[in-house]
file my_file.cif (mmCIF, C-alpha atoms)
data_run
#
loop_
_atom_site.label_atom_id
_atom_site.label_comp_id
_atom_site.auth_asym_id
_atom_site.auth_seq_id
_atom_site.Cartn_x
_atom_site.Cartn_y
_atom_site.Cartn_z
CA MET H 1 5.34 -11.84 -13.03
CA VAL H 2 5.55 -10.89 -9.36
CA SER H 3 5.90 -13.60 -6.73
CA PRO H 4 2.38 -14.66 -5.58
CA LEU H 5 3.39 -14.41 -1.92
CA ASN H 6 4.20 -10.75 -2.39
CA ARG H 7 1.58 -9.83 -4.92
CA TRP H 8 0.07 -6.87 -3.03
CA GLU H 9 3.06 -4.62 -2.50
CA THR H 10 2.91 -2.55 -5.61
CA ALA H 11 -0.76 -1.67 -5.22
CA MET H 12 -1.34 -1.29 -1.49
CA ARG H 13 -0.13 0.71 1.49
CA ILE H 14 -1.42 -0.17 4.94
CA LEU H 15 -1.65 1.74 8.21
CA VAL H 16 -1.70 -0.39 11.37
CA VAL H 17 -3.13 1.45 14.39
CA GLU H 18 -2.61 -0.46 17.64
CA ASP H 19 -1.51 0.76 21.08
CA ASP H 20 -0.06 -2.59 22.18
CA GLU H 21 3.53 -2.39 20.95
CA GLN H 22 4.10 -6.14 20.72
CA LEU H 23 0.92 -6.72 18.75
CA ARG H 24 1.50 -3.64 16.59
CA GLU H 25 4.98 -4.70 15.58
CA GLY H 26 3.84 -8.30 15.10
CA LEU H 27 1.08 -7.21 12.74
CA ALA H 28 3.46 -4.97 10.83
CA ARG H 29 6.00 -7.78 10.43
CA GLY H 30 3.34 -10.21 9.23
CA LEU H 31 1.93 -7.77 6.68
CA ARG H 32 5.38 -6.78 5.44
CA SER H 33 6.36 -10.41 5.06
CA ALA H 34 3.44 -10.71 2.64
CA GLY H 35 4.91 -7.88 0.58
CA LEU H 36 2.79 -4.98 1.80
CA SER H 37 4.07 -1.47 2.53
CA VAL H 38 3.14 -0.83 6.16
CA ASP H 39 3.15 2.24 8.41
CA VAL H 40 2.27 2.07 12.11
CA ALA H 41 0.61 4.36 14.64
CA GLU H 42 0.44 3.82 18.40
CA ASP H 43 -2.68 5.91 19.07
CA GLY H 44 -5.62 7.54 17.35
CA ARG H 45 -4.07 10.98 17.23
CA VAL H 46 -0.99 9.77 15.37
CA ALA H 47 -3.20 7.71 13.04
CA LEU H 48 -5.25 10.72 11.97
CA ASP H 49 -2.09 12.79 11.44
CA LYS H 50 -0.62 10.08 9.18
CA ALA H 51 -3.87 9.65 7.26
CA LEU H 52 -3.82 13.35 6.43
CA VAL H 53 -0.51 13.14 4.58
CA THR H 54 -0.52 9.59 3.17
CA ALA H 55 -3.12 7.89 0.99
CA TYR H 56 -3.67 4.48 2.58
CA ASP H 57 -5.52 1.67 0.88
CA VAL H 58 -6.42 -0.12 4.12
CA VAL H 59 -6.33 1.01 7.75
CA VAL H 60 -6.12 -1.83 10.29
CA LEU H 61 -7.64 -0.07 13.28
CA ASP H 62 -7.79 -1.17 16.90
CA ARG H 63 -10.94 0.08 18.56
CA ASP H 64 -9.68 0.77 22.09
CA LEU H 65 -7.06 3.47 21.50
CA PRO H 66 -5.61 6.25 23.69
CA TYR H 67 -6.02 10.00 22.97
CA VAL H 68 -8.53 9.50 20.15
CA HIS H 69 -10.76 6.44 20.43
CA GLY H 70 -10.83 4.03 17.50
CA ASP H 71 -14.51 4.78 16.94
CA ASP H 72 -13.70 8.46 16.45
CA VAL H 73 -10.77 7.64 14.19
CA CYS H 74 -13.08 5.53 12.05
CA ARG H 75 -15.69 8.29 11.88
CA GLN H 76 -13.06 10.81 10.79
CA LEU H 77 -11.59 8.52 8.14
CA VAL H 78 -15.05 7.95 6.71
CA ALA H 79 -15.86 11.68 6.84
CA ASP H 80 -12.62 12.54 5.03
CA ASP H 81 -13.64 10.13 2.24
CA ASN H 82 -10.02 9.50 1.24
CA GLY H 83 -10.70 6.03 -0.14
CA ALA H 84 -9.10 4.07 2.70
CA ARG H 85 -10.89 0.87 3.73
CA VAL H 86 -11.13 0.30 7.48
CA LEU H 87 -10.62 -3.10 9.09
CA MET H 88 -11.53 -2.69 12.75
CA LEU H 89 -9.88 -4.88 15.40
CA THR H 90 -11.34 -5.32 18.86
CA ALA H 91 -11.21 -7.58 21.89
CA PHE H 92 -14.98 -7.76 21.77
CA GLY H 93 -16.53 -10.38 19.54
CA GLU H 94 -20.23 -10.13 20.27
CA VAL H 95 -22.66 -9.49 17.44
CA ASP H 96 -23.74 -6.11 18.84
CA ASP H 97 -20.14 -4.92 18.95
CA ARG H 98 -19.55 -5.99 15.35
CA VAL H 99 -22.72 -4.26 14.21
CA GLN H 100 -21.75 -1.06 16.03
CA GLY H 101 -18.32 -1.08 14.41
CA LEU H 102 -19.80 -1.50 10.96
CA ARG H 103 -22.33 1.24 11.58
CA LEU H 104 -19.45 3.61 12.34
CA GLY H 105 -18.34 3.09 8.76
CA ALA H 106 -15.82 0.27 9.12
CA ASP H 107 -15.64 -1.96 6.06
CA ASP H 108 -14.84 -5.12 8.02
CA TYR H 109 -14.51 -6.24 11.61
CA LEU H 110 -12.10 -8.79 13.10
CA PRO H 111 -12.32 -9.81 16.79
CA LYS H 112 -9.17 -10.70 18.74
CA PRO H 113 -7.55 -13.16 18.87
CA PHE H 114 -7.25 -13.91 15.17
CA ALA H 115 -4.95 -15.81 12.83
CA MET H 116 -2.52 -13.82 10.69
CA ALA H 117 -3.74 -15.73 7.64
CA GLU H 118 -7.27 -14.45 8.21
CA LEU H 119 -6.06 -10.88 8.63
CA LEU H 120 -4.11 -11.11 5.37
CA ALA H 121 -7.14 -12.51 3.55
CA ARG H 122 -9.35 -9.70 4.81
CA VAL H 123 -6.77 -7.04 3.96
CA ASP H 124 -6.47 -8.54 0.48
CA ALA H 125 -10.24 -8.40 -0.01
CA LEU H 126 -10.46 -4.81 1.22
CA GLY H 127 -7.52 -3.77 -0.92
CA ARG H 128 -9.17 -5.16 -4.02
CA ARG H 129 -12.34 -3.26 -3.16
CA ALA H 130 -10.34 -0.07 -2.61
CA GLY H 131 -8.77 -0.46 -6.04
CA THR H 132 -11.93 -1.13 -8.04
CA THR H 133 -12.05 2.42 -9.43
CA THR H 134 -8.42 2.51 -10.56
CA ASN H 135 -7.08 1.51 -13.96
CA SER H 136 -5.26 -1.77 -13.42
CA GLN H 137 -3.67 -1.79 -16.89
CA LEU H 138 -1.15 0.81 -17.99
CA SER H 139 0.57 0.97 -21.36
CA VAL H 140 3.16 3.43 -22.66
CA GLY H 141 5.54 3.01 -25.59
CA GLY H 142 5.22 -0.75 -25.91
CA ILE H 143 5.42 -1.36 -22.16
CA THR H 144 2.28 -2.87 -20.65
CA LEU H 145 1.70 -3.43 -16.95
CA ASP H 146 -1.37 -5.09 -15.46
CA SER H 147 -1.68 -4.59 -11.69
CA ALA H 148 -4.57 -7.04 -11.45
CA ALA H 149 -2.78 -9.87 -13.27
CA LEU H 150 0.61 -8.75 -11.88
CA THR H 151 2.30 -8.93 -15.26
CA ALA H 152 4.63 -6.55 -17.06
CA THR H 153 5.79 -6.89 -20.67
CA ARG H 154 7.67 -4.92 -23.31
CA GLU H 155 6.53 -5.58 -26.86
CA GLY H 156 4.99 -8.79 -25.52
CA ARG H 157 8.19 -9.93 -23.77
CA PRO H 158 7.70 -10.78 -20.05
CA LEU H 159 10.00 -8.65 -17.91
CA GLY H 160 10.28 -10.84 -14.82
CA LEU H 161 10.29 -7.92 -12.39
CA SER H 162 10.86 -7.99 -8.65
CA ARG H 163 8.23 -6.47 -6.35
CA LYS H 164 10.03 -3.13 -6.09
CA GLU H 165 10.78 -2.97 -9.82
CA PHE H 166 7.12 -3.67 -10.56
CA GLY H 167 6.04 -0.91 -8.16
CA VAL H 168 8.48 1.63 -9.60
CA LEU H 169 7.43 0.84 -13.17
CA ARG H 170 3.77 1.17 -12.24
CA GLU H 171 4.30 4.63 -10.77
CA LEU H 172 6.35 5.78 -13.77
CA LEU H 173 3.73 4.56 -16.23
CA ALA H 174 0.92 6.13 -14.21
CA ALA H 175 2.76 9.47 -14.11
CA SER H 176 3.82 9.49 -17.79
CA PRO H 177 4.43 11.83 -19.54
CA HIS H 178 5.15 13.75 -16.34
CA VAL H 179 8.23 13.37 -14.15
CA CYS H 180 7.99 11.19 -11.04
CA SER H 181 10.39 12.20 -8.25
CA ALA H 182 12.48 9.79 -6.21
CA GLU H 183 10.64 11.03 -3.13
CA VAL H 184 7.27 10.04 -4.59
CA LEU H 185 8.61 6.63 -5.60
CA LEU H 186 9.99 6.09 -2.11
CA GLU H 187 6.63 6.98 -0.57
CA LYS H 188 4.49 4.92 -2.95
CA VAL H 189 6.61 1.77 -3.32
CA TRP H 190 8.34 1.59 0.06
CA ASP H 191 6.91 2.81 3.42
CA ASP H 192 7.72 5.21 6.26
CA ARG H 193 10.54 2.96 7.50
CA ALA H 194 12.54 3.84 4.40
CA ASP H 195 15.49 6.14 5.00
CA PRO H 196 14.88 9.32 2.96
CA PHE H 197 18.60 9.30 2.12
CA THR H 198 18.64 5.71 0.92
CA ASN H 199 19.82 4.83 -2.58
CA ALA H 200 17.10 2.18 -2.90
CA VAL H 201 15.29 4.04 -5.68
CA ARG H 202 18.48 4.51 -7.71
CA VAL H 203 19.51 0.86 -7.31
CA THR H 204 16.04 -0.39 -8.25
CA MET H 205 15.97 1.96 -11.23
CA THR H 206 19.26 0.50 -12.47
CA THR H 207 18.00 -3.09 -12.38
CA LEU H 208 14.65 -2.07 -13.90
CA ARG H 209 16.38 -0.39 -16.83
CA LYS H 210 18.42 -3.53 -17.50
CA LYS H 211 15.31 -5.69 -17.58
CA LEU H 212 13.49 -3.26 -19.87
CA GLY H 213 16.39 -3.46 -22.30
CA ASP H 214 17.14 -1.28 -25.33
CA PRO H 215 16.21 1.21 -26.51
CA ALA H 216 16.19 2.89 -23.10
CA VAL H 217 12.80 4.32 -22.13
CA ILE H 218 13.37 5.68 -18.62
CA GLU H 219 14.89 9.15 -18.70
CA THR H 220 16.58 10.76 -15.69
CA VAL H 221 15.61 14.40 -15.28
CA VAL H 222 18.41 15.88 -13.20
CA GLY H 223 17.13 17.48 -10.03
CA SER H 224 13.55 16.30 -10.67
CA GLY H 225 13.29 12.53 -10.98
CA TYR H 226 12.47 10.01 -13.70
CA VAL H 227 10.09 9.87 -16.63
CA ILE H 228 8.89 7.52 -19.35
CA ARG H 229 8.13 9.60 -22.42
#
call {"tool": "encode", "arguments": {"input": "my_file.cif", "output": "structure tokens"}}
result
Amino acid sequence: MVSPLNRWETAMRILVVEDDEQLREGLARGLRSAGLSVDVAEDGRVALDKALVTAYDVVVLDRDLPYVHGDDVCRQLVADDNGARVLMLTAFGEVDDRVQGLRLGADDYLPKPFAMAELLARVDALGRRAGTTTNSQLSVGGITLDSAALTATREGRPLGLSRKEFGVLRELLAASPHVCSAEVLLEKVWDDRADPFTNAVRVTMTTLRKKLGDPAVIETVVGSGYVIR
């Protein structure tokens, strides 16, 4: 079972869009400390560029942004229909402002200042809504993983996986019988802070294989990645 404090990491990737550097980095640290994979953008233009290449589960979006206003970012995210849930942040807390934000297509609205605990709770709720159409239980060759219950077993034996191991196993099971590249694993389980030349995937794969035990089920496909047949 995955640690409850970090129970979101394997299923969610977040984009924080905030032009205030101190607040942006503070939000990213708080979300990462809860086990989430977090990317950041300092303005609306960068946010839209990142949303084009990465599938985010939740976008934490400041409304008053440079270059492309938060309202326009929200409209575009909704128009693209990429499945991302939008949590809009704003300095304005009046009812009319909240209603306007929701009418733009935002899924939730949080006025500043706010407590980190409330932000985490709202992100959690939006993430669960974003994942309602996905299959939370995966099973291949005696290995069963349940993203909703955060459990992973082999032939009924609990595997006791870390957050990263759980995330890697989930991606391998979801891809099976096809190969999953190290680059895809790095993108899905880590975030854009990860060094593309890091050996994190290889190290995590080694510990995951040990916990899965014999007979070995994860095959390395040289030059391509990893696969569970």
call {"tool": "resolve_selection", "arguments": {"input": "my_file.cif", "expression": "the PyMOL selection byres ((chain H and resi 63) around 6)", "output": "compact mmCIF listing (two decimals) with C-alpha atoms, keeping the file's coordinate frame"}}
result
# COMPACT_ATOMS: atom_id res chain seq x y z
CA ASP H 62 -7.79 -1.17 16.90
CA ASP H 64 -9.68 0.77 22.09
CA LEU H 65 -7.06 3.47 21.50
CA GLY H 70 -10.83 4.03 17.50
CA LEU H 89 -9.88 -4.88 15.40
CA THR H 90 -11.34 -5.32 18.86
call {"tool": "resolve_selection", "arguments": {"input": "my_file.cif", "expression": "the PyMOL selection byres ((chain H and resi 30-32) around 10)", "output": "PDB file with C-alpha atoms, in the coordinates of the input"}}
result
ATOM      1  CA  ASN H   6       4.200 -10.750  -2.390  1.00  0.00           C
ATOM      2  CA  TRP H   8       0.070  -6.870  -3.030  1.00  0.00           C
ATOM      3  CA  GLU H   9       3.060  -4.620  -2.500  1.00  0.00           C
ATOM      4  CA  ILE H  14      -1.420  -0.170   4.940  1.00  0.00           C
ATOM      5  CA  VAL H  16      -1.700  -0.390  11.370  1.00  0.00           C
ATOM      6  CA  GLU H  25       4.980  -4.700  15.580  1.00  0.00           C
ATOM      7  CA  GLY H  26       3.840  -8.300  15.100  1.00  0.00           C
ATOM      8  CA  LEU H  27       1.080  -7.210  12.740  1.00  0.00           C
ATOM      9  CA  ALA H  28       3.460  -4.970  10.830  1.00  0.00           C
ATOM     10  CA  ARG H  29       6.000  -7.780  10.430  1.00  0.00           C
ATOM     11  CA  SER H  33       6.360 -10.410   5.060  1.00  0.00           C
ATOM     12  CA  ALA H  34       3.440 -10.710   2.640  1.00  0.00           C
ATOM     13  CA  GLY H  35       4.910  -7.880   0.580  1.00  0.00           C
ATOM     14  CA  LEU H  36       2.790  -4.980   1.800  1.00  0.00           C
ATOM     15  CA  SER H  37       4.070  -1.470   2.530  1.00  0.00           C
ATOM     16  CA  VAL H  38       3.140  -0.830   6.160  1.00  0.00           C
ATOM     17  CA  ASP H  39       3.150   2.240   8.410  1.00  0.00           C
ATOM     18  CA  MET H 116      -2.520 -13.820  10.690  1.00  0.00           C
ATOM     19  CA  ALA H 117      -3.740 -15.730   7.640  1.00  0.00           C
ATOM     20  CA  LEU H 119      -6.060 -10.880   8.630  1.00  0.00           C
ATOM     21  CA  LEU H 120      -4.110 -11.110   5.370  1.00  0.00           C
ATOM     22  CA  VAL H 123      -6.770  -7.040   3.960  1.00  0.00           C
ATOM     23  CA  ASP H 191       6.910   2.810   3.420  1.00  0.00           C
TER      24      ASP H 191
END
call {"tool": "atom_distance", "arguments": {"input": "my_file.cif", "atom1": "atom CA of Arg75 of chain H", "atom2": "atom CA of Leu186 of chain H"}}
result
29.3 Å
call {"tool": "resolve_selection", "arguments": {"input": "my_file.cif", "expression": "the PyMOL selection byres ((chain H and resi 179) around 6)", "output": "ChimeraX atom specification"}}
result
/H:178,180,226-227
call {"tool": "closest_residue", "arguments": {"input": "my_file.cif", "among": "H:Ala121, H:Leu61, H:Glu171, H:Arg202", "to": "Thr220 of chain H", "atoms": "all atoms listed in the file"}}
result
H:Arg202
call {"tool": "closest_residue", "arguments": {"input": "my_file.cif", "among": "H:Ile143, H:Val201, H:Ala91, H:Ala47", "to": "Pro215 of chain H", "atoms": "all atoms listed in the file"}}
result
H:Ile143
call {"tool": "closest_residue", "arguments": {"input": "my_file.cif", "among": "H:Leu159, H:Ile228, H:Ala174, H:Val68", "to": "Gly213 of chain H", "atoms": "all atoms listed in the file"}}
result
H:Leu159
call {"tool": "atom_distance", "arguments": {"input": "my_file.cif", "atom1": "atom CA of Leu110 of chain H", "atom2": "atom CA of Gly167 of chain H"}}
result
29.0 Å
call {"tool": "closest_residue", "arguments": {"input": "my_file.cif", "among": "H:Leu208, H:Met88, H:Val168, H:Leu173", "to": "Val189 of chain H", "atoms": "only C-alpha atoms"}}
result
H:Val168
call {"tool": "atom_distance", "arguments": {"input": "my_file.cif", "atom1": "atom CA of Gly44 of chain H", "atom2": "atom CA of Val17 of chain H"}}
result
7.2 Å
call {"tool": "residues_around", "arguments": {"input": "my_file.cif", "residues": "Glu155 of chain H", "least_positions_apart": "3", "cutoff": "12 Å", "atoms": "only C-alpha atoms", "output": "count of residues only"}}
result
14
call {"tool": "residues_around", "arguments": {"input": "my_file.cif", "residues": "Thr204 of chain H", "least_positions_apart": "5", "cutoff": "12 Å", "atoms": "only C-alpha atoms", "output": "mmCIF file with C-alpha atoms, in the frame of the given file"}}
result
data_model
loop_
_atom_site.group_PDB
_atom_site.id
_atom_site.type_symbol
_atom_site.label_atom_id
_atom_site.label_comp_id
_atom_site.auth_asym_id
_atom_site.auth_seq_id
_atom_site.Cartn_x
_atom_site.Cartn_y
_atom_site.Cartn_z
ATOM 1 C CA LEU H 161 10.290 -7.920 -12.390
ATOM 2 C CA SER H 162 10.860 -7.990 -8.650
ATOM 3 C CA ARG H 163 8.230 -6.470 -6.350
ATOM 4 C CA LYS H 164 10.030 -3.130 -6.090
ATOM 5 C CA GLU H 165 10.780 -2.970 -9.820
ATOM 6 C CA PHE H 166 7.120 -3.670 -10.560
ATOM 7 C CA GLY H 167 6.040 -0.910 -8.160
ATOM 8 C CA VAL H 168 8.480 1.630 -9.600
ATOM 9 C CA LEU H 169 7.430 0.840 -13.170
ATOM 10 C CA ALA H 182 12.480 9.790 -6.210
ATOM 11 C CA LEU H 185 8.610 6.630 -5.600
ATOM 12 C CA LEU H 186 9.990 6.090 -2.110
ATOM 13 C CA VAL H 189 6.610 1.770 -3.320
ATOM 14 C CA TRP H 190 8.340 1.590 0.060
ATOM 15 C CA THR H 198 18.640 5.710 0.920
ATOM 16 C CA ASN H 199 19.820 4.830 -2.580
ATOM 17 C CA ARG H 209 16.380 -0.390 -16.830
ATOM 18 C CA LYS H 210 18.420 -3.530 -17.500
ATOM 19 C CA LYS H 211 15.310 -5.690 -17.580
#
